[in-house]
$ cat data-v9.cif   # mmCIF, C-alpha atoms
data_input
#
loop_
_atom_site.label_atom_id
_atom_site.label_comp_id
_atom_site.auth_asym_id
_atom_site.auth_seq_id
_atom_site.Cartn_x
_atom_site.Cartn_y
_atom_site.Cartn_z
CA MET A 1 105.82 112.62 198.76
CA GLU A 2 102.79 111.31 196.86
CA VAL A 3 102.57 111.32 193.08
CA GLU A 4 100.42 114.14 191.71
CA ILE A 5 98.44 112.87 188.74
CA GLY A 6 97.96 116.44 187.54
CA GLN A 7 101.73 116.75 187.08
CA ILE A 8 101.86 113.53 185.08
CA VAL A 9 98.99 114.51 182.80
CA SER A 10 100.38 118.00 182.24
CA LEU A 11 103.82 116.68 181.30
CA ALA A 12 102.33 113.95 179.10
CA GLN A 13 100.28 116.57 177.24
CA GLU A 14 103.40 118.65 176.67
CA LEU A 15 105.23 115.63 175.28
CA ILE A 16 102.37 114.62 172.98
CA ARG A 17 102.13 118.12 171.53
CA VAL A 18 105.69 117.93 170.25
CA PRO A 19 106.06 115.72 167.13
CA SER A 20 108.96 113.32 167.57
CA LEU A 21 109.47 110.79 164.81
CA SER A 22 112.56 108.63 165.18
CA GLY A 23 115.63 110.78 164.52
CA GLN A 24 113.60 113.96 165.10
CA GLU A 25 113.29 113.97 168.89
CA HIS A 26 115.41 117.07 169.60
CA GLU A 27 112.58 119.36 170.74
CA VAL A 28 110.86 116.79 172.95
CA ALA A 29 114.21 115.71 174.43
CA GLU A 30 114.98 119.31 175.35
CA LEU A 31 111.58 119.58 176.98
CA VAL A 32 112.31 116.48 179.09
CA ARG A 33 115.76 117.78 180.04
CA LYS A 34 114.31 121.07 181.31
CA ARG A 35 111.50 119.35 183.23
CA MET A 36 113.96 117.03 184.96
CA ILE A 37 116.00 120.04 186.04
CA ASP A 38 112.85 121.78 187.29
CA LEU A 39 111.96 118.64 189.27
CA ALA A 40 115.33 118.75 191.06
CA TYR A 41 116.90 115.62 189.63
CA ASP A 42 120.43 115.37 191.03
CA GLU A 43 121.93 115.00 187.58
CA VAL A 44 120.49 115.49 184.09
CA GLY A 45 122.43 114.73 180.92
CA VAL A 46 122.04 114.11 177.21
CA ASP A 47 124.27 111.50 175.60
CA GLU A 48 125.72 111.24 172.09
CA CYS A 49 122.55 109.60 170.76
CA GLY A 50 120.29 112.24 172.27
CA ASN A 51 118.89 110.10 175.11
CA VAL A 52 118.00 112.20 178.15
CA VAL A 53 119.06 110.59 181.44
CA GLY A 54 118.00 111.88 184.83
CA THR A 55 119.59 110.64 188.06
CA ILE A 56 118.26 110.61 191.61
CA HIS A 57 120.50 109.48 194.47
CA GLY A 58 119.09 107.82 197.56
CA HIS A 59 120.20 108.35 201.15
CA ARG A 60 123.17 105.99 200.83
CA ASP A 61 126.34 106.81 198.98
CA ALA A 62 125.44 106.60 195.29
CA GLY A 63 128.50 104.50 194.57
CA SER A 64 127.69 101.76 197.08
CA GLY A 65 124.02 101.03 196.34
CA LYS A 66 122.18 99.32 193.51
CA ARG A 67 121.30 101.21 190.34
CA LEU A 68 117.80 100.94 188.88
CA LEU A 69 117.07 102.23 185.38
CA PHE A 70 113.56 103.06 184.19
CA ASP A 71 113.40 103.41 180.41
CA GLY A 72 110.76 104.83 178.10
CA HIS A 73 111.21 106.00 174.51
CA LEU A 74 110.35 109.45 173.19
CA ASP A 75 109.98 108.65 169.50
CA THR A 76 106.74 107.69 167.79
CA VAL A 77 105.69 106.25 164.47
CA ALA A 78 103.87 108.54 162.05
CA PRO A 79 100.11 108.79 162.66
CA VAL A 80 98.30 105.85 161.06
CA GLU A 81 95.65 107.14 158.60
CA PRO A 82 95.61 110.66 160.12
CA GLU A 83 92.48 111.55 158.16
CA GLU A 84 90.62 108.91 160.19
CA TRP A 85 91.55 110.38 163.58
CA THR A 86 88.67 112.08 165.38
CA VAL A 87 91.12 114.09 167.52
CA ASP A 88 94.25 115.96 166.54
CA PRO A 89 97.12 113.42 167.01
CA PHE A 90 99.18 116.20 168.61
CA SER A 91 96.45 117.72 170.77
CA GLY A 92 96.95 115.88 174.07
CA LYS A 93 93.18 116.12 174.40
CA LEU A 94 91.48 115.03 177.62
CA GLY A 95 88.08 113.36 177.61
CA GLN A 96 86.16 110.50 179.23
CA GLY A 97 88.99 109.95 181.69
CA ARG A 98 91.46 109.48 178.86
CA LEU A 99 94.46 111.28 177.41
CA TYR A 100 94.44 111.20 173.60
CA GLY A 101 97.23 111.69 171.11
CA LEU A 102 100.05 110.10 169.19
CA GLY A 103 102.31 108.39 171.70
CA ALA A 104 99.84 108.78 174.58
CA LEU A 105 100.26 105.09 175.33
CA ASP A 106 103.40 104.27 173.34
CA MET A 107 104.86 105.80 175.29
CA LYS A 108 104.88 109.47 176.25
CA GLY A 109 102.30 109.01 178.98
CA THR A 110 104.45 106.38 180.65
CA VAL A 111 107.61 108.49 180.24
CA ALA A 112 105.81 111.29 182.09
CA ALA A 113 104.73 108.85 184.82
CA MET A 114 108.30 107.61 185.23
CA ILE A 115 109.75 111.12 185.42
CA ILE A 116 107.24 112.35 188.00
CA ALA A 117 107.28 109.11 190.02
CA ALA A 118 111.07 109.18 190.37
CA ALA A 119 111.12 112.88 191.26
CA SER A 120 108.41 112.35 193.92
CA LEU A 121 110.18 109.43 195.59
CA PRO A 122 111.54 110.46 199.03
CA ARG A 123 115.32 110.07 199.04
CA ASP A 124 115.27 108.37 202.45
CA GLU A 125 113.18 105.51 201.03
CA ILE A 126 115.90 104.33 198.64
CA SER A 127 119.49 103.35 199.29
CA GLY A 128 120.84 103.40 195.78
CA THR A 129 120.34 105.28 192.54
CA VAL A 130 117.25 105.72 190.37
CA LEU A 131 117.87 106.55 186.73
CA VAL A 132 115.23 107.55 184.19
CA SER A 133 116.13 107.39 180.51
CA ALA A 134 113.92 109.09 177.94
CA SER A 135 115.44 107.26 175.02
CA VAL A 136 115.33 107.78 171.26
CA GLY A 137 115.03 105.70 168.13
CA GLU A 138 113.21 102.69 169.61
CA GLU A 139 110.59 102.54 166.88
CA VAL A 140 113.32 102.00 164.27
CA SER A 141 115.82 99.81 166.12
CA GLU A 142 114.93 98.42 169.54
CA GLY A 143 117.76 98.90 172.00
CA ALA A 144 120.26 100.51 169.63
CA ALA A 145 120.16 103.91 171.34
CA LEU A 146 119.58 102.51 174.83
CA ALA A 147 122.94 100.74 174.55
CA SER A 148 124.78 104.02 175.20
CA VAL A 149 122.69 104.61 178.35
CA ILE A 150 123.43 101.11 179.63
CA GLU A 151 127.14 101.44 178.96
CA ALA A 152 127.33 104.82 180.71
CA THR A 153 125.17 104.07 183.75
CA GLU A 154 125.81 100.33 184.34
CA PRO A 155 122.44 99.61 186.00
CA ASP A 156 121.82 96.52 188.14
CA TYR A 157 118.17 96.33 187.05
CA VAL A 158 116.15 97.72 184.15
CA VAL A 159 112.41 98.40 183.98
CA ILE A 160 111.07 98.97 180.46
CA GLY A 161 107.76 100.85 180.63
CA GLU A 162 106.15 99.49 177.46
CA PRO A 163 102.44 98.54 177.64
CA SER A 164 102.09 95.18 179.42
CA ASP A 165 98.52 95.36 180.74
CA PHE A 166 100.12 95.76 184.17
CA ARG A 167 101.43 92.23 183.91
CA LEU A 168 105.02 91.58 184.86
CA GLY A 169 106.91 91.00 181.63
CA VAL A 170 109.67 88.52 182.51
CA ALA A 171 110.31 87.33 178.94
CA GLN A 172 110.03 88.83 175.49
CA ARG A 173 110.17 87.59 171.92
CA GLY A 174 112.84 89.13 169.74
CA ARG A 175 112.60 90.54 166.23
CA ALA A 176 114.57 90.45 163.02
CA GLY A 177 114.05 92.12 159.66
CA ILE A 178 114.62 89.71 156.75
CA VAL A 179 115.08 90.71 153.11
CA LEU A 180 114.78 88.28 150.19
CA GLU A 181 115.41 89.12 146.55
CA THR A 182 114.72 87.21 143.37
CA ILE A 183 116.33 88.13 140.05
CA GLY A 184 114.72 87.56 136.68
CA ARG A 185 115.20 89.04 133.22
CA ALA A 186 113.41 92.09 131.86
CA SER A 187 111.48 92.05 128.62
CA HIS A 188 108.53 93.81 127.03
CA SER A 189 105.32 92.61 128.62
CA ALA A 190 103.96 91.90 125.13
CA LYS A 191 106.74 89.32 124.78
CA PRO A 192 106.83 87.71 128.26
CA THR A 193 108.53 84.55 126.99
CA LEU A 194 111.66 86.58 126.29
CA GLY A 195 111.97 87.52 129.94
CA GLU A 196 111.78 85.90 133.35
CA ASN A 197 109.34 87.45 135.79
CA ALA A 198 111.03 87.94 139.16
CA VAL A 199 107.65 88.34 140.88
CA TYR A 200 106.59 84.83 139.83
CA LYS A 201 109.84 83.50 141.28
CA MET A 202 109.14 85.36 144.50
CA ALA A 203 105.60 83.96 144.59
CA ASP A 204 107.08 80.47 144.72
CA VAL A 205 109.42 81.56 147.51
CA ILE A 206 106.53 83.06 149.50
CA TYR A 207 104.52 79.87 149.18
CA ARG A 208 107.46 77.77 150.36
CA LEU A 209 108.15 80.02 153.34
CA ARG A 210 104.53 79.70 154.48
CA GLU A 211 105.23 76.01 155.04
CA MET A 212 108.23 76.71 157.23
CA ASP A 213 108.48 75.50 160.83
CA PHE A 214 110.04 77.76 163.45
CA PRO A 215 111.88 77.15 166.72
CA ARG A 216 109.78 76.91 169.86
CA ASP A 217 110.48 77.27 173.54
CA ALA A 218 108.34 76.68 176.61
CA ARG A 219 108.06 80.32 177.63
CA LEU A 220 107.86 82.26 174.38
CA GLY A 221 106.03 79.73 172.26
CA GLU A 222 106.84 79.39 168.57
CA GLY A 223 108.67 81.89 166.43
CA SER A 224 106.95 83.35 163.39
CA MET A 225 107.66 85.14 160.12
CA GLU A 226 105.23 87.39 158.30
CA LEU A 227 105.49 89.07 154.89
CA ILE A 228 105.12 92.83 155.35
CA GLU A 229 106.41 94.34 152.09
CA LEU A 230 106.71 93.30 148.43
CA ILE A 231 108.30 95.54 145.78
CA SER A 232 109.07 94.79 142.13
CA SER A 233 111.57 96.57 139.92
CA PRO A 234 111.41 98.57 137.75
CA TYR A 235 108.69 100.49 139.55
CA PRO A 236 106.54 101.98 138.25
CA SER A 237 106.59 99.60 135.33
CA THR A 238 105.83 100.72 131.78
CA SER A 239 105.06 97.43 130.04
CA ILE A 240 108.23 95.84 131.42
CA ILE A 241 108.50 92.37 132.94
CA PRO A 242 109.99 92.89 136.44
CA SER A 243 113.64 91.87 136.59
CA ARG A 244 113.83 92.02 140.39
CA CYS A 245 111.48 91.47 143.28
CA ARG A 246 112.22 92.27 146.91
CA ALA A 247 110.27 90.88 149.85
CA ARG A 248 110.63 92.01 153.46
CA TYR A 249 109.62 89.82 156.35
CA ASP A 250 109.12 90.48 160.04
CA ARG A 251 110.60 87.52 161.93
CA ARG A 252 109.68 87.03 165.60
CA LEU A 253 112.30 85.19 167.62
CA VAL A 254 112.54 82.89 170.61
CA GLU A 255 115.56 82.50 172.86
CA SER A 256 118.80 80.99 171.53
CA GLU A 257 118.17 82.19 167.97
CA THR A 258 121.06 84.11 166.41
CA PRO A 259 121.48 86.06 163.17
CA GLU A 260 123.32 83.06 161.74
CA THR A 261 120.67 80.48 162.65
CA VAL A 262 117.82 82.67 161.38
CA ILE A 263 119.39 83.06 157.93
CA MET A 264 120.50 79.42 157.81
CA ASP A 265 116.96 78.17 158.52
CA ILE A 266 115.54 80.19 155.62
CA LYS A 267 118.24 79.07 153.24
CA GLU A 268 117.61 75.44 154.15
CA GLN A 269 113.90 75.89 153.47
CA LEU A 270 114.77 77.28 150.01
CA GLN A 271 117.76 75.06 149.26
CA ASP A 272 116.30 73.65 146.03
CA MET A 273 115.28 77.11 144.78
CA PRO A 274 118.36 78.79 143.24
CA GLY A 275 118.68 82.49 142.60
CA VAL A 276 117.23 83.74 145.89
CA ASP A 277 119.29 86.12 148.01
CA VAL A 278 118.58 86.19 151.76
CA CYS A 279 119.97 88.65 154.29
CA LEU A 280 119.16 90.58 157.43
CA LYS A 281 117.72 94.02 156.81
CA GLU A 282 119.79 97.05 157.74
CA ALA A 283 118.10 99.27 160.33
CA THR A 284 118.96 102.85 159.41
CA LEU A 285 118.91 105.13 162.44
CA VAL A 286 120.66 108.49 162.40
CA CYS A 287 119.97 110.22 165.71
CA TYR A 288 118.96 113.86 165.88
CA THR A 289 122.45 114.54 167.25
CA GLY A 290 123.92 113.22 164.00
CA TYR A 291 125.20 110.04 165.65
CA ASP A 292 124.77 107.10 163.27
CA LEU A 293 123.36 103.90 164.80
CA THR A 294 122.74 102.10 161.51
CA GLY A 295 123.20 98.37 161.96
CA VAL A 296 121.77 94.90 161.45
CA ASP A 297 118.05 94.70 162.22
CA PHE A 298 118.31 91.87 164.77
CA HIS A 299 117.03 92.13 168.34
CA PRO A 300 117.23 88.97 170.46
CA ALA A 301 114.61 87.36 172.66
CA TRP A 302 115.28 87.10 176.39
CA SER A 303 113.87 85.94 179.71
CA ILE A 304 114.72 86.09 183.40
CA PRO A 305 114.18 83.16 185.83
CA ASP A 306 110.99 83.20 187.90
CA ASP A 307 113.07 82.89 191.06
CA SER A 308 115.55 85.64 190.16
CA GLU A 309 116.05 88.50 192.60
CA LEU A 310 114.41 90.99 190.23
CA ALA A 311 111.33 88.86 189.54
CA THR A 312 110.93 87.90 193.20
CA LYS A 313 111.18 91.45 194.55
CA ALA A 314 109.01 92.87 191.77
CA ARG A 315 106.23 90.35 192.42
CA ARG A 316 106.28 91.08 196.15
CA ALA A 317 106.29 94.85 195.64
CA LEU A 318 103.29 94.75 193.30
CA ARG A 319 101.31 92.45 195.57
CA GLU A 320 101.92 94.79 198.51
CA ILE A 321 100.11 97.58 196.65
CA GLU A 322 97.37 95.15 195.60
CA MET A 323 98.46 94.81 192.00
CA ASP A 324 98.42 91.25 190.63
CA PRO A 325 101.86 90.84 188.99
CA ASN A 326 100.67 87.93 186.79
CA PRO A 327 104.09 87.21 185.18
CA THR A 328 103.94 86.89 181.41
CA ALA A 329 105.97 86.53 178.23
CA LEU A 330 105.50 89.35 175.74
CA GLU A 331 105.01 88.78 172.03
CA TYR A 332 106.36 92.15 170.94
CA CYS A 333 109.88 93.57 170.99
CA THR A 334 111.24 96.32 173.27
CA ASN A 335 114.48 98.02 174.29
CA GLY A 336 114.87 95.04 176.60
CA SER A 337 116.40 93.22 173.64
CA TYR A 338 119.53 95.18 174.41
CA SER A 339 119.43 95.47 178.21
CA ALA A 340 118.58 91.79 178.77
CA GLY A 341 119.16 90.10 175.43
CA ILE A 342 122.63 91.54 174.74
CA ALA A 343 123.92 93.20 177.93
CA GLY A 344 122.53 90.44 180.18
CA ILE A 345 121.12 92.88 182.76
CA PRO A 346 118.06 91.64 184.71
CA THR A 347 115.12 93.34 183.03
CA ILE A 348 111.34 93.45 183.33
CA VAL A 349 108.70 95.10 181.15
CA TYR A 350 105.90 96.79 183.05
CA GLY A 351 103.43 99.43 181.96
CA PRO A 352 99.77 100.37 181.45
CA PRO A 353 97.32 98.70 179.03
CA SER A 354 97.24 97.84 176.19
CA ILE A 355 99.64 97.17 173.33
CA SER A 356 96.63 96.89 170.99
CA LEU A 357 96.18 100.67 171.35
CA ALA A 358 99.74 101.44 170.27
CA HIS A 359 100.19 102.76 166.71
CA ALA A 360 96.39 102.93 166.47
CA ILE A 361 93.92 105.55 165.28
CA ASP A 362 92.83 107.80 168.18
CA GLU A 363 95.53 106.38 170.46
CA TYR A 364 94.85 107.02 174.12
CA VAL A 365 95.76 106.02 177.66
CA GLU A 366 93.48 105.99 180.67
CA ILE A 367 94.46 108.71 183.14
CA GLN A 368 93.87 106.37 186.08
CA ASP A 369 96.33 103.95 184.51
CA LEU A 370 99.03 106.64 184.39
CA ASN A 371 98.47 107.24 188.09
CA ARG A 372 98.57 103.50 188.76
CA ALA A 373 101.78 103.16 186.71
CA ALA A 374 103.52 105.89 188.72
CA ILE A 375 102.55 104.22 192.00
CA CYS A 376 103.85 100.89 190.69
CA PHE A 377 107.14 102.43 189.54
CA GLN A 378 107.69 103.86 193.00
CA ALA A 379 106.88 100.51 194.61
CA LEU A 380 109.41 98.78 192.35
CA ALA A 381 112.07 101.38 193.21
CA ARG A 382 111.51 100.94 196.94
CA ALA A 383 111.64 97.14 196.69
CA LEU A 384 114.75 97.01 194.52
CA LEU A 385 116.71 99.73 196.31
CA GLN A 386 116.22 98.75 199.93
CA GLY A 387 119.88 97.91 200.49
CA GLU A 388 121.77 94.66 200.81
CA ASP A 389 119.81 93.58 203.92
CA ALA A 390 116.46 93.73 202.13
CA ARG A 391 114.00 90.85 202.56
CA GLN A 392 114.41 88.20 199.85
#

$ encode --input "data-v9.cif" --output "structure tokens"
Amino acid sequence: MEVEIGQIVSLAQELIRVPSLSGQEHEVAELVRKRMIDLAYDEVGVDECGNVVGTIHGHRDAGSGKRLLFDGHLDTVAPVEPEEWTVDPFSGKLGQGRLYGLGALDMKGTVAAMIIAAASLPRDEISGTVLVSASVGEEVSEGAALASVIEATEPDYVVIGEPSDFRLGVAQRGRAGIVLETIGRASHSAKPTLGENAVYKMADVIYRLREMDFPRDARLGEGSMELIELISSPYPSTSIIPSRCRARYDRRLVESETPETVIMDIKEQLQDMPGVDVCLKEATLVCYTGYDLTGVDFHPAWSIPDDSELATKARRALREIEMDPNPTALEYCTNGSYSAGIAGIPTIVYGPPSISLAHAIDEYVEIQDLNRAAICFQALARALLQGEDARQ
């Protein structure tokens, strides 16, 4: 059964028209659950976090074949500068061969392509199980909610549908949220010598951290750390010297880095600067079901070998449909930080262009790319679920 692009576009429009910030995905999750049932998935369930998981069994006994999980998240960030959008972020508008709207690319369009592609795959072409997870909470804490899907379904392979420019993502940098705090002494701003300005102390810390070297590896390059937030206290100030200053950094990770090594490296860089507290940020994620996934904001980097079964079969499958797999390492973080980085399950990232359009004003995805993505997802399913006697 061929993929019908009209079905993909229609479902993607429905998904875009339902706002779904992290922790507020209930309505869009219910929509997905009903559509999976309508599409005759063999099993459809919603777990404790609110992830929707659809299951399709191939012609072999479901318990004896491989299990392939396609994952795409349902949550979005808030619209960036909504007054600057030229289309309604929740319109799902079509124009110039594109589908516009918040999450069109990241990643409701791809979720729709996965759902329709799996439902359209003839059962006699696969000898295992295809699972599609429409997961929650990814924009707040990559992989935290997907963990419950992985634990329940125990897949042999995972395909994360994040934008990869149709390149085969075989490695991915990780991410950590870092919080630093300096403590000074408050005083009236007319008498600054009686106080100690915590912002000035933080300025010295920021300068020192800009000189910091980061671990490097051959595949993922060099790690990085960028200041993304700076807040003084009291705020707002009424002629008061700030007694505290809090800085938040986004730290991008390479393989082998751990929460302990990340904090240790920063402390060593600041070892002659007393009075600076350093810790990992807490990622607060309360799912729409009420399930609390709050935890440390650390998501490891990962990679799979070029000659692994997953990478080998994926490259061959994509070449057979005239798609250049062009293996690559991704700079951004995905739910793969759990599936590959923590659970150790062979994982690839593969989806339509381009990450530069994610979280952007007038976000869109090309309709032809949604069609291409669905065809690629089916090709990957066929290649990975051919049975134990499949060509290597």

$ residues_around --input "data-v9.cif" --residues "range 138-144 of chain A" --least-positions-apart "6" --cutoff "6 Å" --atoms "only C-alpha atoms" --output "JSON, numbers by chain"
{"A": [334, 335, 338]}

$ resolve_selection --input "data-v9.cif" --expression "the PyMOL selection byres ((chain A and resi 224) around 6)" --output "list in words"
Gly223, Met225, Arg251 and Arg252 of chain A

$ closest_atom_pairs --input "data-v9.cif" --of "range 17-132 of chain A" --to "range 367-378 of chain A" --cutoff "7 Å" --atoms "only C-alpha atoms" --output "Markdown table"
| residue | atom | partner | partner_atom | distance |
| --- | --- | --- | --- | --- |
| A:Gly97 | CA | A:Ile367 | CA | 5.8 |
| A:Arg98 | CA | A:Ile367 | CA | 5.3 |
| A:Leu99 | CA | A:Ile367 | CA | 6.3 |
| A:Gly109 | CA | A:Leu370 | CA | 6.8 |
| A:Thr110 | CA | A:Leu370 | CA | 6.6 |
| A:Ala113 | CA | A:Ala374 | CA | 5.0 |
| A:Met114 | CA | A:Ala374 | CA | 6.2 |
| A:Ala117 | CA | A:Ala374 | CA | 5.1 |
| A:Ala118 | CA | A:Gln378 | CA | 6.8 |
| A:Leu121 | CA | A:Gln378 | CA | 6.6 |

$ closest_atom_pairs --input "data-v9.cif" --of "range 92-167 of chain A" --to "range 17-38 of chain A" --cutoff "9 Å" --atoms "all atoms listed in the file" --output "CSV"
residue,atom,partner,partner_atom,distance
A:Gly92,CA,A:Arg17,CA,6.2
A:Gly101,CA,A:Arg17,CA,8.1
A:Leu102,CA,A:Pro19,CA,8.5
A:Ala112,CA,A:Val32,CA,8.8
A:Ile115,CA,A:Met36,CA,7.3
A:Ile116,CA,A:Met36,CA,8.7
A:Ala119,CA,A:Met36,CA,8.1
A:Ala134,CA,A:Ala29,CA,7.5
A:Ser135,CA,A:Ala29,CA,8.6
A:Val136,CA,A:Ser22,CA,6.7
A:Gly137,CA,A:Ser22,CA,4.8
A:Glu138,CA,A:Ser22,CA,7.4
A:Glu139,CA,A:Ser22,CA,6.6
A:Val140,CA,A:Ser22,CA,6.7

$ closest_residue --input "data-v9.cif" --among "A:Leu168, A:Val52, A:Val44, A:Ile321" --to "Asp71 in chain A" --atoms "all atoms listed in the file"
A:Val52

$ atom_distance --input "data-v9.cif" --atom1 "CA of Gly221 in chain A" --atom2 "CA of Ile304 in chain A"
15.5 Å

$ resolve_selection --input "data-v9.cif" --expression "the PyMOL selection byres ((chain A and resi 281-294) around 6)" --output "MDAnalysis selection string"
chainID A and resid 23:24 49:50 177:179 280 295:297

$ resolve_selection --input "data-v9.cif" --expression "the PyMOL selection byres ((chain A and resi 318) around 10)" --output "PyMOL selection string"
chain A and resi 166-168+313-317+319-326+375-377+379-380+383

$ closest_residue --input "data-v9.cif" --among "A:Glu268, A:Glu48, A:Glu226, A:Glu181" --to "Arg246 in chain A" --atoms "only C-alpha atoms"
A:Glu181

$ residues_around --input "data-v9.cif" --residues "Val254 in chain A" --least-positions-apart "2" --cutoff "9 Å" --atoms "only C-alpha atoms" --output "PyMOL selection string"
chain A and resi 172-175+215-217+219-223+252+256-257+300-302

$ closest_residue --input "data-v9.cif" --among "A:Val130, A:Leu74, A:Ile206, A:Val111" --to "Ala145 in chain A" --atoms "only C-alpha atoms"
A:Leu74
